[in-house]
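S.K.: So here's work35.txt, just compact mmCIF, C-alpha atoms and all ligand atoms:
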# COMPACT_ATOMS: atom_id res chain seq x y z
CA MET A 1 6.99 -47.54 96.69
CA ILE A 2 8.66 -46.99 93.36
CA SER A 3 12.12 -48.34 92.44
CA ASP A 4 15.10 -45.99 92.35
CA SER A 5 15.66 -46.68 88.66
CA LEU A 6 12.09 -45.79 87.71
CA GLN A 7 12.14 -42.80 90.03
CA ASN A 8 15.28 -41.47 88.34
CA ALA A 9 13.95 -42.15 84.86
CA ILE A 10 10.71 -40.31 85.65
CA ASN A 11 12.68 -37.34 87.01
CA GLU A 12 14.60 -37.27 83.71
CA GLN A 13 11.33 -37.36 81.79
CA ILE A 14 9.89 -34.49 83.84
CA ALA A 15 12.91 -32.43 82.73
CA ARG A 16 12.42 -33.43 79.09
CA GLU A 17 8.76 -32.40 79.17
CA GLN A 18 9.78 -29.09 80.72
CA TYR A 19 12.42 -28.64 78.05
CA ALA A 20 9.74 -29.26 75.39
CA SER A 21 7.66 -26.55 77.03
CA GLN A 22 10.62 -24.14 76.84
CA LEU A 23 11.35 -25.06 73.22
CA TYR A 24 7.75 -24.44 72.17
CA LEU A 25 7.73 -21.13 73.98
CA SER A 26 10.87 -20.20 72.08
CA ILE A 27 9.18 -21.18 68.79
CA ALA A 28 6.09 -19.17 69.80
CA GLY A 29 8.38 -16.18 70.26
CA HIS A 30 9.72 -16.64 66.73
CA PHE A 31 6.16 -16.65 65.35
CA GLU A 32 5.21 -13.61 67.43
CA LEU A 33 8.15 -11.76 65.91
CA ARG A 34 6.82 -12.55 62.45
CA ASN A 35 3.26 -11.60 63.44
CA LEU A 36 2.03 -15.11 62.78
CA ARG A 37 -0.37 -15.15 65.70
CA GLY A 38 -2.19 -18.36 64.77
CA PHE A 39 1.08 -20.30 64.78
CA ALA A 40 2.22 -18.46 67.92
CA THR A 41 -0.99 -19.20 69.85
CA TRP A 42 -0.87 -22.85 68.85
CA MET A 43 2.74 -23.12 70.09
CA ARG A 44 1.95 -21.27 73.34
CA ARG A 45 -0.82 -23.77 74.05
CA HIS A 46 1.46 -26.65 73.19
CA SER A 47 4.01 -25.25 75.60
CA VAL A 48 1.41 -25.25 78.40
CA GLU A 49 0.42 -28.80 77.44
CA GLU A 50 4.04 -29.95 77.86
CA THR A 51 4.09 -28.43 81.36
CA SER A 52 0.94 -30.42 82.11
CA HIS A 53 2.75 -33.58 80.97
CA ALA A 54 5.61 -32.78 83.36
CA MET A 55 3.09 -32.27 86.16
CA LYS A 56 1.32 -35.54 85.38
CA LEU A 57 4.65 -37.32 85.98
CA PHE A 58 5.37 -35.14 89.02
CA ASP A 59 2.00 -36.06 90.60
CA PHE A 60 2.50 -39.73 89.85
CA LEU A 61 5.95 -39.75 91.46
CA ALA A 62 4.62 -37.87 94.49
CA ASP A 63 1.70 -40.32 94.82
CA ARG A 64 4.07 -43.28 94.66
CA GLY A 65 6.26 -41.90 97.44
CA GLY A 66 9.11 -41.06 95.05
CA ARG A 67 11.64 -38.28 95.50
CA ILE A 68 11.21 -35.46 93.01
CA GLU A 69 14.41 -33.97 91.68
CA VAL A 70 13.93 -30.79 89.65
CA LYS A 71 16.72 -30.50 87.09
CA ALA A 72 18.42 -27.64 85.28
CA LEU A 73 17.26 -27.38 81.68
CA PRO A 74 19.39 -26.88 78.58
CA GLN A 75 19.00 -23.62 76.66
CA PRO A 76 16.42 -24.19 73.91
CA ILE A 77 17.14 -23.10 70.33
CA ASN A 78 16.19 -19.44 70.08
CA HIS A 79 16.68 -18.77 66.42
CA PHE A 80 14.88 -20.40 63.51
CA GLN A 81 15.59 -19.82 59.83
CA SER A 82 11.98 -20.23 58.78
CA VAL A 83 8.50 -21.38 59.77
CA GLN A 84 9.37 -24.78 58.35
CA ALA A 85 12.59 -24.99 60.40
CA ALA A 86 10.67 -24.12 63.58
CA PHE A 87 8.10 -26.88 63.01
CA GLU A 88 10.88 -29.31 62.07
CA ALA A 89 12.59 -28.58 65.39
CA ALA A 90 9.31 -29.29 67.21
CA LEU A 91 8.71 -32.55 65.34
CA ASP A 92 12.31 -33.71 65.88
CA HIS A 93 11.87 -33.16 69.58
CA GLU A 94 8.55 -35.03 69.69
CA ARG A 95 10.15 -38.00 67.93
CA GLN A 96 12.94 -38.04 70.49
CA VAL A 97 10.40 -37.84 73.33
CA SER A 98 8.51 -40.80 71.82
CA LYS A 99 11.71 -42.87 71.95
CA ASP A 100 12.27 -41.83 75.58
CA ILE A 101 8.70 -42.75 76.50
CA HIS A 102 9.13 -46.16 74.87
CA LYS A 103 12.23 -46.75 77.02
CA LEU A 104 10.24 -45.84 80.14
CA TYR A 105 7.48 -48.21 79.03
CA GLU A 106 10.01 -51.02 78.61
CA MET A 107 11.46 -50.31 82.06
CA ALA A 108 8.03 -50.49 83.70
CA GLN A 109 7.39 -53.78 81.89
CA ALA A 110 10.74 -55.24 82.92
CA GLU A 111 10.18 -54.25 86.56
CA LYS A 112 6.55 -55.42 86.47
CA ASP A 113 5.57 -52.00 87.82
CA TYR A 114 1.95 -52.06 86.67
CA SER A 115 0.89 -48.58 87.72
CA SER A 116 3.89 -47.03 85.91
CA HIS A 117 3.01 -49.17 82.94
CA VAL A 118 -0.53 -47.74 82.82
CA LEU A 119 0.81 -44.19 83.12
CA PHE A 120 3.35 -44.65 80.32
CA GLU A 121 0.69 -46.24 78.14
CA TRP A 122 -1.14 -42.88 78.26
CA PHE A 123 2.06 -41.15 77.13
CA VAL A 124 2.64 -43.64 74.30
CA THR A 125 -0.82 -42.85 72.91
CA GLU A 126 -0.34 -39.12 73.47
CA GLN A 127 2.92 -39.18 71.48
CA VAL A 128 1.17 -40.76 68.48
CA GLU A 129 -1.27 -37.85 68.49
CA GLU A 130 1.46 -35.22 68.99
CA GLU A 131 3.61 -36.53 66.15
CA LYS A 132 0.61 -36.82 63.84
CA THR A 133 -0.53 -33.24 64.50
CA LEU A 134 2.94 -31.79 63.95
CA GLU A 135 3.54 -33.89 60.83
CA GLU A 136 0.29 -32.59 59.39
CA ILE A 137 1.13 -28.93 60.02
CA LEU A 138 4.69 -29.39 58.76
CA GLU A 139 3.47 -31.09 55.60
CA HIS A 140 1.15 -28.15 54.91
CA VAL A 141 3.99 -25.67 55.52
CA ARG A 142 6.19 -27.62 53.10
CA LEU A 143 3.38 -27.68 50.53
CA VAL A 144 2.89 -23.93 50.52
CA GLY A 145 6.65 -23.23 50.78
CA ASN A 146 8.61 -20.97 53.12
CA ASN A 147 8.53 -17.96 50.84
CA ASN A 148 4.85 -18.11 50.01
CA GLY A 149 3.46 -15.28 52.15
CA MET A 150 -0.15 -15.85 51.11
CA GLY A 151 0.08 -19.58 51.79
CA LEU A 152 1.65 -19.08 55.21
CA LEU A 153 -0.94 -16.46 56.15
CA LEU A 154 -3.69 -18.89 55.18
CA LEU A 155 -2.18 -21.65 57.34
CA ASP A 156 -1.72 -19.14 60.15
CA GLN A 157 -5.40 -18.25 59.94
CA GLN A 158 -6.38 -21.92 59.90
CA LEU A 159 -4.44 -22.53 63.11
CA ALA A 160 -5.88 -19.34 64.59
CA ALA A 161 -9.36 -20.73 63.91
CA LYS A 162 -8.44 -24.10 65.43
CA THR A 163 -7.14 -22.45 68.58
CA GLY A 164 -10.24 -20.28 68.81
CA VAL A 165 -8.51 -17.05 67.88
CA ALA A 166 -11.01 -15.00 65.88
CA THR A 167 -8.45 -13.08 63.82
CA ALA A 168 -4.70 -13.38 63.36
CA ALA A 169 -4.29 -10.01 65.08
CA ALA A 170 -6.10 -11.26 68.16
CA GLY A 171 -3.66 -14.11 68.80
CA ARG A 172 -2.69 -13.08 72.30
CA GLU A 173 -4.95 -14.59 74.88
CA SER A 174 -6.25 -12.11 77.39
FE FE B 201 4.89 -34.14 76.27
FE FE B 202 4.66 -33.17 73.08
Take the structure in the file and give it back as structure tokens.
Ligand SMILES: [Fe+2]
Ligand SMILES: [Fe+2]
M.R.:
Amino acid sequence: MISDSLQNAINEQIAREQYASQLYLSIAGHFELRNLRGFATWMRRHSVEETSHAMKLFDFLADRGGRIEVKALPQPINHFQSVQAAFEAALDHERQVSKDIHKLYEMAQAEKDYSSHVLFEWFVTEQVEEEKTLEEILEHVRLVGNNNGMGLLLLDQQLAAKTGVATAAAGRES
């Protein structure tokens, strides 16, 4: 049986992962509008990945006999000034999530809840990877500059290749 405090904190984290999924979907929409299909596909996949994080927590709570409380989500940002601003919004959110995960980790430690501890350890490692990936993309976007069409198209094609999209025009998965 899991403690009420950990149960509530995990429910909050499920909502934050779902919010991340919504935010990345919103960013994907911005890239779709600009016909940057490599960026858009990458963000769509990241959105799905955030849902899988929420479900990992959901399953854990269910397995531990906890009560799942699905929460209302805040409206994500729907307008971005530039490609750079969109990636900055994503990285800001990941950094916030890392802080939240660290708090959960500390809670599990304080309560000597070893199975929660192991679960949060996975998330701590995952956040390192997520921040690193976004920092790398953002740094490349900053390097080429927001108004450099050729540079952005090149980065878009690079991400398209990474996500297995053969051409920028074939970004939609079907
Ligand atoms: Fe996540
Ligand atoms: Fe993430």
S.K.: Which residue is closest to Tyr105 of chain A? Choose from A:Asn146, A:Ile2, A:Ala9, A:Arg34 and count all atoms listed in the file.
M.R.: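 For Tyr105 of chain A, the nearest of the candidates is A:Ala9.
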S.K.: How far is it from atom CA of Ser21 of chain A to atom CA of Arg67 of chain A, in Å with one decimal?
M.R.: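 For atom CA of Ser21 of chain A relative to atom CA of Arg67 of chain A, the distance reads 22.2 Å.
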S.K.: Hey, which residues come within 9 Å of ligand FE 201 (chain B) if we count all atoms listed in the file? Could you give them as a PyMOL selection string?
M.R.: chain A and resi 16-18+20-21+46-47+49-54+94+97-98+123+126-127+130
S.K.: Find the residues near Gln109 of chain A: any atom within 12 Å, counting only C-alpha atoms, skip ones fewer than 4 places away on the same chain, and give them as JSON, numbers by chain.
M.R.: {"A": [6, 102, 103, 104, 105, 113, 114, 115, 116, 117, 118, 119, 120, 121]}
S.K.: At what distance in Å, to one decimal, does atom CA of Ala85 of chain A lie from atom CA of Ile27 of chain A?
M.R.: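 About the pair atom CA of Ile27 of chain A and atom CA of Ala85 of chain A: they are 9.8 Å apart.
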S.K.: Suppose you want the space between atom CA of Met55 of chain A and atom CA of Met43 of chain A; what is it in Å?
M.R.: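 About the pair atom CA of Met55 of chain A and atom CA of Met43 of chain A: they are 18.5 Å apart.
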S.K.: Ranking A:Thr163, A:Asn147, A:Gln157, A:Gln7 by minimum distance to Ile68 of chain A and counting all atoms listed in the file, which one comes first?
M.R.: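 Checking each candidate against Ile68 of chain A, we get A:Gln7 as the closest.
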S.K.: I'd like to know which of A:Val48, A:Ile77, A:Ala62, A:Leu57 is closest to ligand FE 202 (chain B), using only C-alpha atoms and all ligand atoms.
M.R.: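 Ranking A:Val48, A:Ile77, A:Ala62, A:Leu57 by distance to ligand FE 202 (chain B), first place goes to A:Val48.
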S.K.: So, counting all atoms listed in the file, which residue among A:Val83, A:Met107, A:Leu134, A:Leu25 is closest to ligand FE 202 (chain B)?
M.R.: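 Under the stated criterion, the closest residue is A:Leu134.
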S.K.: When distances are computed from all atoms listed in the file, which of A:Asp59, A:Ser5, A:Gly38, A:Val128 shows the smallest separation from ligand FE 202 (chain B)?
M.R.: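 With all atoms listed in the file as the atom set, the closest residue is A:Val128.
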S.K.: Counting only C-alpha atoms, figure out which residue out of A:Arg95, A:Arg44, A:Arg142, A:Arg37 gets nearest to Ala160 of chain A.
M.R.: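 Checking each candidate against Ala160 of chain A, we get A:Arg37 as the closest.
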